[in-house]
$ cat entry32.cif   # mmCIF, C-alpha atoms
data_target
loop_
_atom_site.label_atom_id
_atom_site.label_comp_id
_atom_site.auth_asym_id
_atom_site.auth_seq_id
_atom_site.Cartn_x
_atom_site.Cartn_y
_atom_site.Cartn_z
CA MET A 1 0.40 17.51 -108.44
CA ARG A 2 -1.28 17.19 -105.06
CA PRO A 3 -0.71 13.93 -103.15
CA SER A 4 -4.47 13.32 -103.14
CA THR A 5 -4.55 13.56 -106.93
CA LEU A 6 -1.59 11.27 -107.25
CA CYS A 7 -3.25 8.77 -104.88
CA ALA A 8 -6.27 8.65 -107.15
CA ARG A 9 -4.11 7.91 -110.17
CA LEU A 10 -2.08 5.16 -108.57
CA ARG A 11 -3.43 1.68 -109.16
CA SER A 12 -2.81 0.45 -105.62
CA PRO A 13 -2.99 2.06 -102.18
CA ILE A 14 -0.10 -0.09 -100.98
CA LEU A 15 2.00 1.56 -103.67
CA ALA A 16 0.94 4.96 -102.38
CA SER A 17 1.75 3.93 -98.82
CA LEU A 18 5.27 2.81 -99.68
CA LEU A 19 5.78 6.14 -101.42
CA GLY A 20 4.65 7.88 -98.24
CA LEU A 21 1.50 9.48 -99.63
CA GLY A 22 -0.81 8.24 -96.90
CA CYS A 23 -3.66 7.17 -99.19
CA SER A 24 -6.35 5.30 -97.28
CA ARG A 25 -8.59 3.73 -99.92
CA THR A 26 -9.10 0.02 -99.31
CA PRO A 27 -7.85 -1.99 -102.30
CA PRO A 28 -10.21 -4.39 -104.03
CA PRO A 29 -9.91 -8.07 -103.13
CA SER A 30 -8.16 -8.86 -106.41
CA GLN A 31 -5.35 -6.46 -105.52
CA ASP A 32 -4.20 -7.97 -102.26
CA PRO A 33 -1.28 -5.76 -101.19
CA SER A 34 0.46 -8.49 -99.23
CA PRO A 35 4.16 -7.81 -99.73
CA SER A 36 4.98 -11.47 -100.06
CA ALA A 37 3.61 -14.96 -100.53
CA ALA A 38 6.54 -17.18 -101.41
CA ARG A 39 6.68 -19.06 -104.71
CA ALA A 40 8.77 -22.22 -104.92
CA VAL A 41 10.93 -22.39 -108.01
CA GLU A 42 12.09 -25.72 -109.41
CA SER A 43 15.78 -25.85 -110.19
CA SER A 44 18.28 -28.48 -111.24
CA SER A 45 20.59 -27.29 -108.45
CA ALA A 46 19.18 -27.70 -104.97
CA ALA A 47 18.92 -24.53 -102.91
CA PRO A 48 19.92 -24.50 -99.24
CA ALA A 49 17.11 -25.40 -96.89
CA ALA A 50 15.12 -22.42 -95.67
CA PRO A 51 14.37 -21.97 -91.97
CA LEU A 52 11.52 -24.21 -90.94
CA PRO A 53 8.45 -21.97 -90.42
CA GLY A 54 7.05 -24.23 -87.70
CA ALA A 55 10.20 -24.61 -85.64
CA ALA A 56 11.44 -21.94 -83.26
CA PRO A 57 15.09 -21.06 -83.94
CA PRO A 58 17.51 -21.55 -81.03
CA GLY A 59 17.11 -18.71 -78.55
CA ALA A 60 13.86 -17.44 -80.09
CA ALA A 61 10.28 -17.79 -78.88
CA ALA A 62 7.27 -18.57 -81.06
CA CYS A 63 4.66 -15.82 -81.04
CA ALA A 64 2.08 -16.64 -83.73
CA SER A 65 -1.47 -15.44 -83.11
CA PRO A 66 -4.54 -17.39 -84.32
CA GLY A 67 -4.89 -16.99 -88.06
CA GLY A 68 -1.65 -15.03 -88.35
CA PRO A 69 1.65 -15.99 -89.92
CA THR A 70 4.29 -17.91 -88.04
CA CYS A 71 6.42 -15.51 -86.05
CA PHE A 72 9.33 -15.56 -83.66
CA ARG A 73 10.70 -13.12 -81.12
CA PHE A 74 14.46 -12.65 -80.92
CA ALA A 75 16.40 -10.85 -78.24
CA THR A 76 18.12 -8.69 -80.86
CA ALA A 77 17.76 -7.75 -84.51
CA GLU A 78 21.21 -9.20 -85.11
CA GLU A 79 20.09 -12.67 -83.96
CA ALA A 80 17.01 -12.49 -86.15
CA PHE A 81 19.02 -11.38 -89.17
CA ARG A 82 21.59 -14.17 -88.72
CA TRP A 83 18.77 -16.73 -88.71
CA ILE A 84 17.32 -15.33 -91.94
CA VAL A 85 20.59 -15.16 -93.87
CA ALA A 86 21.49 -18.69 -92.75
CA THR A 87 19.53 -19.70 -95.89
CA GLU A 88 22.63 -18.54 -97.82
CA PRO A 89 20.80 -16.72 -100.62
CA ARG A 90 22.55 -15.64 -103.78
CA VAL A 91 20.36 -12.55 -103.79
CA LEU A 92 19.14 -10.93 -100.57
CA ALA A 93 16.54 -8.30 -101.47
CA ILE A 94 15.89 -5.95 -98.57
CA GLY A 95 12.92 -3.59 -98.66
CA GLU A 96 11.80 -0.85 -96.33
CA ALA A 97 9.00 1.66 -95.89
CA HIS A 98 10.89 4.89 -96.41
CA ALA A 99 11.19 7.25 -93.44
CA GLN A 100 8.67 10.08 -93.59
CA ARG A 101 9.00 13.72 -92.71
CA GLY A 102 8.48 14.25 -88.98
CA THR A 103 10.00 10.90 -87.96
CA GLU A 104 13.62 12.00 -88.04
CA HIS A 105 13.90 11.43 -84.27
CA VAL A 106 13.36 7.68 -84.84
CA ALA A 107 16.23 5.62 -86.27
CA SER A 108 15.24 4.54 -89.78
CA SER A 109 15.49 1.04 -91.23
CA THR A 110 18.42 2.21 -93.34
CA LYS A 111 20.33 3.50 -90.34
CA ARG A 112 19.67 0.36 -88.31
CA PHE A 113 20.66 -1.92 -91.18
CA THR A 114 23.85 0.03 -91.86
CA GLU A 115 24.98 0.09 -88.23
CA THR A 116 23.96 -3.34 -86.95
CA LEU A 117 23.09 -5.75 -89.76
CA LEU A 118 25.44 -4.86 -92.60
CA PRO A 119 28.54 -5.98 -90.63
CA ILE A 120 26.98 -9.43 -90.22
CA VAL A 121 26.44 -10.05 -93.91
CA ALA A 122 29.42 -8.14 -95.34
CA PRO A 123 31.87 -11.07 -95.18
CA ARG A 124 29.54 -13.13 -97.38
CA ALA A 125 28.35 -10.39 -99.74
CA SER A 126 30.20 -9.12 -102.78
CA ASP A 127 28.02 -6.15 -103.72
CA VAL A 128 25.11 -4.00 -102.60
CA VAL A 129 22.83 -2.28 -105.11
CA VAL A 130 21.29 0.79 -103.48
CA GLU A 131 18.09 2.40 -104.70
CA LEU A 132 19.67 5.80 -105.20
CA TRP A 133 19.91 7.44 -108.59
CA ALA A 134 23.18 8.76 -110.02
CA PRO A 135 22.10 10.89 -113.01
CA ASP A 136 24.34 11.52 -115.98
CA PRO A 137 25.51 15.17 -115.77
CA LYS A 138 24.61 15.51 -119.45
CA CYS A 139 20.92 15.13 -118.62
CA ILE A 140 20.45 18.35 -116.63
CA LYS A 141 17.26 19.44 -118.38
CA GLU A 142 15.60 16.03 -118.15
CA VAL A 143 16.70 15.54 -114.52
CA LYS A 144 15.08 18.83 -113.51
CA ALA A 145 11.82 17.84 -115.17
CA VAL A 146 11.81 14.47 -113.42
CA ALA A 147 12.64 16.06 -110.06
CA SER A 148 9.52 18.18 -110.43
CA ALA A 149 7.41 15.10 -111.12
CA GLN A 150 8.87 13.40 -108.04
CA LYS A 151 7.93 16.18 -105.64
CA PRO A 152 4.63 14.60 -104.46
CA VAL A 153 6.72 11.65 -103.30
CA THR A 154 9.91 13.30 -102.06
CA ASP A 155 8.18 16.19 -100.26
CA VAL A 156 6.66 13.86 -97.67
CA GLN A 157 9.81 11.84 -97.09
CA ALA A 158 12.43 12.57 -94.46
CA ASP A 159 15.22 14.83 -95.66
CA THR A 160 17.74 12.35 -94.25
CA ASN A 161 16.79 9.49 -96.59
CA GLN A 162 19.27 10.14 -99.39
CA ASN A 163 22.17 10.84 -97.04
CA GLU A 164 21.49 7.60 -95.18
CA TYR A 165 21.58 5.67 -98.46
CA VAL A 166 24.91 7.29 -99.27
CA THR A 167 26.19 6.31 -95.82
CA LEU A 168 25.04 2.74 -96.45
CA GLY A 169 27.12 2.62 -99.63
CA THR A 170 30.13 4.14 -97.90
CA LYS A 171 29.98 1.67 -95.01
CA ALA A 172 29.52 -1.23 -97.40
CA LYS A 173 32.66 -0.22 -99.31
CA ALA A 174 34.63 0.08 -96.07
CA ALA A 175 33.49 -3.46 -95.19
CA GLY A 176 34.88 -4.87 -98.44
CA MET A 177 31.75 -4.81 -100.58
CA THR A 178 31.23 -2.88 -103.80
CA PRO A 179 28.30 -0.44 -103.66
CA TRP A 180 26.35 0.36 -106.81
CA LEU A 181 23.90 3.17 -107.51
CA LEU A 182 21.22 3.15 -110.19
CA ARG A 183 22.36 5.02 -113.31
CA PRO A 184 19.49 6.01 -115.59
CA THR A 185 20.45 7.18 -119.06
CA CYS A 186 19.40 10.46 -120.61
CA ASP A 187 16.84 8.50 -122.61
CA ASP A 188 15.46 7.09 -119.37
CA PHE A 189 15.04 10.58 -117.96
CA ALA A 190 13.45 11.78 -121.18
CA MET A 191 10.96 8.91 -120.95
CA LEU A 192 10.10 9.87 -117.38
CA ALA A 193 9.77 13.55 -118.30
CA ASP A 194 7.29 12.59 -121.05
CA ALA A 195 5.27 10.25 -118.84
CA GLY A 196 3.05 13.02 -117.46
CA ALA A 197 0.47 11.71 -115.00
CA ASP A 198 2.07 8.28 -115.21
CA ALA A 199 5.49 9.55 -114.09
CA VAL A 200 5.48 7.82 -110.70
CA GLY A 201 4.59 4.45 -112.16
CA ALA A 202 7.24 4.92 -114.84
CA MET A 203 9.83 5.75 -112.16
CA LEU A 204 8.98 2.62 -110.20
CA GLY A 205 9.21 0.52 -113.33
CA LEU A 206 12.61 2.05 -114.08
CA VAL A 207 13.85 1.25 -110.56
CA LYS A 208 12.84 -2.37 -111.10
CA ARG A 209 14.55 -2.58 -114.50
CA LEU A 210 17.80 -0.97 -113.42
CA THR A 211 18.07 -2.93 -110.17
CA GLN A 212 17.22 -6.24 -111.80
CA ALA A 213 19.75 -5.68 -114.58
CA LYS A 214 22.57 -4.79 -112.18
CA VAL A 215 21.86 -7.65 -109.77
CA THR A 216 21.67 -10.09 -112.69
CA GLN A 217 25.03 -8.85 -113.97
CA LEU A 218 26.67 -9.14 -110.56
CA ASP A 219 25.29 -12.60 -109.87
CA ALA A 220 26.54 -13.80 -113.26
CA ARG A 221 29.97 -12.38 -112.50
CA ASN A 222 30.10 -14.19 -109.15
CA ARG A 223 29.24 -17.47 -110.82
CA ALA A 224 31.76 -16.92 -113.61
CA ASP A 225 34.42 -16.13 -111.01
CA GLY A 226 33.77 -19.42 -109.26
CA ALA A 227 32.13 -17.76 -106.26
CA PRO A 228 28.45 -18.72 -106.59
CA SER A 229 28.00 -18.59 -102.81
CA ARG A 230 28.84 -14.88 -102.75
CA MET A 231 25.74 -12.83 -102.08
CA VAL A 232 24.41 -9.79 -103.89
CA ILE A 233 22.26 -7.46 -101.79
CA ALA A 234 19.60 -5.15 -103.19
CA TYR A 235 18.45 -2.42 -100.80
CA GLY A 236 15.48 -0.16 -101.49
CA GLY A 237 11.74 0.22 -101.14
CA ALA A 238 9.62 -2.71 -99.99
CA LEU A 239 7.59 -2.56 -103.18
CA HIS A 240 10.35 -3.85 -105.46
CA ASN A 241 11.51 -7.01 -103.67
CA ASP A 242 8.18 -8.88 -103.53
CA LEU A 243 8.55 -12.55 -104.35
CA SER A 244 4.91 -12.87 -105.38
CA PRO A 245 3.64 -9.37 -106.09
CA PRO A 246 -0.06 -8.63 -106.56
CA GLU A 247 -1.19 -7.81 -110.07
CA ALA A 248 -1.40 -4.09 -109.27
CA THR A 249 2.34 -3.82 -108.57
CA ARG A 250 3.74 -6.70 -110.63
CA ASP A 251 5.44 -4.31 -113.06
CA TYR A 252 7.46 -2.81 -110.20
CA SER A 253 8.87 -5.95 -108.56
CA PHE A 254 11.98 -7.83 -109.63
CA GLY A 255 11.40 -10.67 -107.14
CA PRO A 256 9.92 -13.31 -109.48
CA GLU A 257 12.60 -12.83 -112.13
CA LEU A 258 15.52 -12.90 -109.71
CA ASP A 259 14.05 -15.86 -107.86
CA GLN A 260 13.96 -17.78 -111.13
CA LEU A 261 17.45 -16.58 -112.03
CA THR A 262 18.89 -17.95 -108.79
CA GLY A 263 17.00 -21.23 -108.83
CA GLY A 264 15.16 -20.35 -105.62
CA ARG A 265 18.15 -18.85 -103.82
CA TYR A 266 16.43 -15.50 -103.44
CA VAL A 267 15.29 -14.14 -100.08
CA GLU A 268 12.87 -11.26 -99.58
CA LEU A 269 13.27 -9.37 -96.31
CA ASP A 270 11.26 -6.32 -95.28
CA LEU A 271 12.61 -4.17 -92.45
CA ILE A 272 9.93 -2.37 -90.44
CA VAL A 273 10.29 0.39 -87.88
CA PRO A 274 7.25 -0.09 -85.58
CA GLU A 275 6.73 3.65 -85.12
CA TYR A 276 5.98 3.94 -88.86
CA VAL A 277 3.07 1.49 -88.74
CA ARG A 278 -0.37 3.08 -88.65
CA LYS A 279 -3.90 1.72 -88.28
CA THR A 280 -4.96 2.43 -91.85
CA PRO A 281 -6.53 0.19 -94.49
CA VAL A 282 -3.18 0.02 -96.27
CA TRP A 283 -1.28 -1.41 -93.31
CA GLU A 284 -4.24 -3.54 -92.17
CA LYS A 285 -4.16 -5.49 -95.43
CA LEU A 286 -0.65 -6.77 -94.78
CA PRO A 287 -0.62 -10.44 -93.69
CA TRP A 288 1.27 -9.73 -90.47
CA TYR A 289 -0.58 -6.59 -89.36
CA ALA A 290 -3.26 -8.33 -87.26
CA SER A 291 -0.58 -10.12 -85.24
CA PHE A 292 1.36 -6.87 -84.87
CA GLU A 293 -1.77 -5.04 -83.66
CA ALA A 294 -2.65 -7.81 -81.19
CA GLU A 295 0.79 -7.53 -79.66
CA GLN A 296 0.43 -3.77 -79.44
CA ALA A 297 -2.95 -4.12 -77.74
CA SER A 298 -1.59 -6.62 -75.22
CA GLY A 299 0.53 -3.93 -73.62
CA ARG A 300 3.58 -6.17 -73.83
CA PRO A 301 6.76 -4.10 -74.16
CA ARG A 302 8.07 -4.19 -77.73
CA ASP A 303 11.64 -4.60 -76.60
CA GLN A 304 12.48 -7.57 -78.81
CA THR A 305 12.75 -8.12 -82.55
CA THR A 306 9.83 -9.92 -84.20
CA VAL A 307 10.16 -11.88 -87.43
CA TYR A 308 7.03 -12.80 -89.37
CA VAL A 309 7.47 -15.70 -91.78
CA VAL A 310 5.06 -14.77 -94.56
CA GLY A 311 6.44 -17.27 -97.06
CA GLU A 312 9.09 -19.95 -97.44
CA ARG A 313 11.72 -17.32 -98.26
CA SER A 314 9.82 -14.16 -97.37
CA PHE A 315 10.33 -12.47 -94.02
CA VAL A 316 9.28 -9.31 -92.23
CA LEU A 317 11.60 -8.13 -89.47
CA VAL A 318 10.06 -5.63 -87.05
CA PHE A 319 12.62 -3.80 -84.95
CA PRO A 320 12.09 -3.14 -81.23
CA SER A 321 10.47 0.15 -80.34
CA SER A 322 12.79 3.10 -80.11
CA PRO A 323 13.57 4.42 -76.63
CA PRO A 324 11.84 7.69 -75.73
CA ALA A 325 13.70 10.73 -76.96
CA SER A 326 15.69 12.38 -74.20
CA ALA A 327 14.77 15.88 -73.17
CA PRO A 328 17.05 18.61 -74.53
CA ALA A 329 19.68 19.93 -72.16
CA PRO A 330 18.66 23.17 -70.40
#
$ encode --input "entry32.cif" --output "structure tokens"
Amino acid sequence: MRPSTLCARLRSPILASLLGLGCSRTPPPSQDPSPSAARAVESSSAAPAAPLPGAAPPGAAACASPGGPTCFRFATAEEAFRWIVATEPRVLAIGEAHAQRGTEHVASSTKRFTETLLPIVAPRASDVVVELWAPDPKCIKEVKAVASAQKPVTDVQADTNQNEYVTLGTKAKAAGMTPWLLRPTCDDFAMLADAGADAVGAMLGLVKRLTQAKVTQLDARNRADGAPSRMVIAYGGALHNDLSPPEATRDYSFGPELDQLTGGRYVELDLIVPEYVRKTPVWEKLPWYASFEAEQASGRPRDQTTVYVVGERSFVLVFPSSPPASAPAP
């Protein structure tokens, strides 16, 4: 299936963008692709106070533009990340826009998280659930059929993506956490193989179901073990962690369910590599894009980390620009 055909069949351009298909149709107003608009959840147990959106954290500078979300500039991504996880969530759901083919010279969100941010949170986290499938070897026929259906998505993504997810799991284990992959059953693969034109949507729904089930299990174990403050991290695409997903992608996001499960101790964090952002209708619909573009147009060096507060417990962390690639040795 051609990417253009797949774009037409997807219900939301933001979904196509996160898959890396580059669709440019503007979504209708009722399908606002904002990745987050926080929803407060009432709970009998009080959640830790979230960072105050109107107050600049120590060492950070406010940078909000008129009409844009509250934002802060931090000297480093590590400082920004520490401020976000100071909310002490039970579930930290990290999403990214997957690296695309041709951007391998730019450090991906996965690589940056693994090398600089994972060590910060590892002492407080028990597990990390990585959006990487581990098929049952008994399902060879079904796996091959699903791999064919995935080609419109995987063909435009960087070849390094899967290896970087594996590295993330390896580093997490070395830091004392338990990494978990998603393990679809043979029946799951058979369902995907039979989905036909709806295969991509079915895959995304399966990612939500498997991730939500594993995170729920791990959180329950932590509470049963008397360690409710231990954190479970989910790491994958920025589509699945939305706290308040639009109707078009509601079936693919585990945010509302896990937020309710944790009594409001759920944090959504999107990690953005600035070189991936493009001036397209898909990106322009995001609530922080106008502020991002204004900063780009100002000519100010993007040498700091910017955090957009798009909800009470919803954050977008934009890394500094990557340094220019060095010329190859003669």
$ closest_residue --input "entry32.cif" --among "A:Arg250, A:Arg112, A:Lys214, A:Arg90" --to "Val273 of chain A" --atoms "only C-alpha atoms"
A:Arg112
$ atom_distance --input "entry32.cif" --atom1 "atom CA of Asp242 of chain A" --atom2 "atom CA of Glu268 of chain A"
6.6 Å
$ atom_distance --input "entry32.cif" --atom1 "atom CA of Glu312 of chain A" --atom2 "atom CA of Asp259 of chain A"
12.2 Å
$ atom_distance --input "entry32.cif" --atom1 "atom CA of Val129 of chain A" --atom2 "atom CA of Ala234 of chain A"
4.7 Å
$ resolve_selection --input "entry32.cif" --expression "the PyMOL selection byres ((chain A and resi 293-299) around 10)" --output "PyMOL selection string"
chain A and resi 63+65+274+277-279+284+288-292+300-302
$ resolve_selection --input "entry32.cif" --expression "the PyMOL selection byres ((chain A and resi 202) around 12)" --output "list in words"
Leu10, Val146, Ala149, Gln150, Asp188, Phe189, Ala190, Met191, Leu192, Ala193, Asp194, Ala195, Gly196, Ala197, Asp198, Ala199, Val200, Gly201, Met203, Leu204, Gly205, Leu206, Val207, Lys208, Arg209, Thr249, Asp251 and Tyr252 of chain A
$ resolve_selection --input "entry32.cif" --expression "the PyMOL selection byres ((chain A and resi 114) around 9)" --output "ChimeraX atom specification"
/A:109-113,115-119,164-165,167-169,171-172
$ closest_residue --input "entry32.cif" --among "A:Pro287, A:Gly67, A:Gly59, A:Pro184" --to "Ala213 of chain A" --atoms "only C-alpha atoms"
A:Pro184
$ closest_residue --input "entry32.cif" --among "A:Lys173, A:Val121, A:Ala80, A:Gly95" --to "Ala56 of chain A" --atoms "all atoms listed in the file"
A:Ala80
$ closest_residue --input "entry32.cif" --among "A:Leu210, A:Val128, A:Val318, A:Leu269" --to "Trp180 of chain A" --atoms "all atoms listed in the file"
A:Val128
$ closest_residue --input "entry32.cif" --among "A:Lys138, A:Arg313, A:His98, A:His240" --to "Asp187 of chain A" --atoms "only C-alpha atoms"
A:Lys138
$ residues_around --input "entry32.cif" --residues "segment 224-230 of chain A" --least-positions-apart "3" --cutoff "7 Å" --atoms "all atoms listed in the file" --output "ChimeraX atom specification"
/A:90,124-126,220-221
$ closest_residue --input "entry32.cif" --among "A:Cys186, A:Ile120, A:Ala134, A:Val166" --to "Glu78 of chain A" --atoms "only C-alpha atoms"
A:Ile120
$ residues_around --input "entry32.cif" --residues "Leu317 of chain A" --least-positions-apart "5" --cutoff "8 Å" --atoms "only C-alpha atoms" --output "PyMOL selection string"
chain A and resi 77+80+269-272+305-308
$ residues_around --input "entry32.cif" --residues "Asp219 of chain A" --least-positions-apart "4" --cutoff "8 Å" --atoms "all atoms listed in the file" --output "PyMOL selection string"
chain A and resi 90-91+215+223+228+231-232
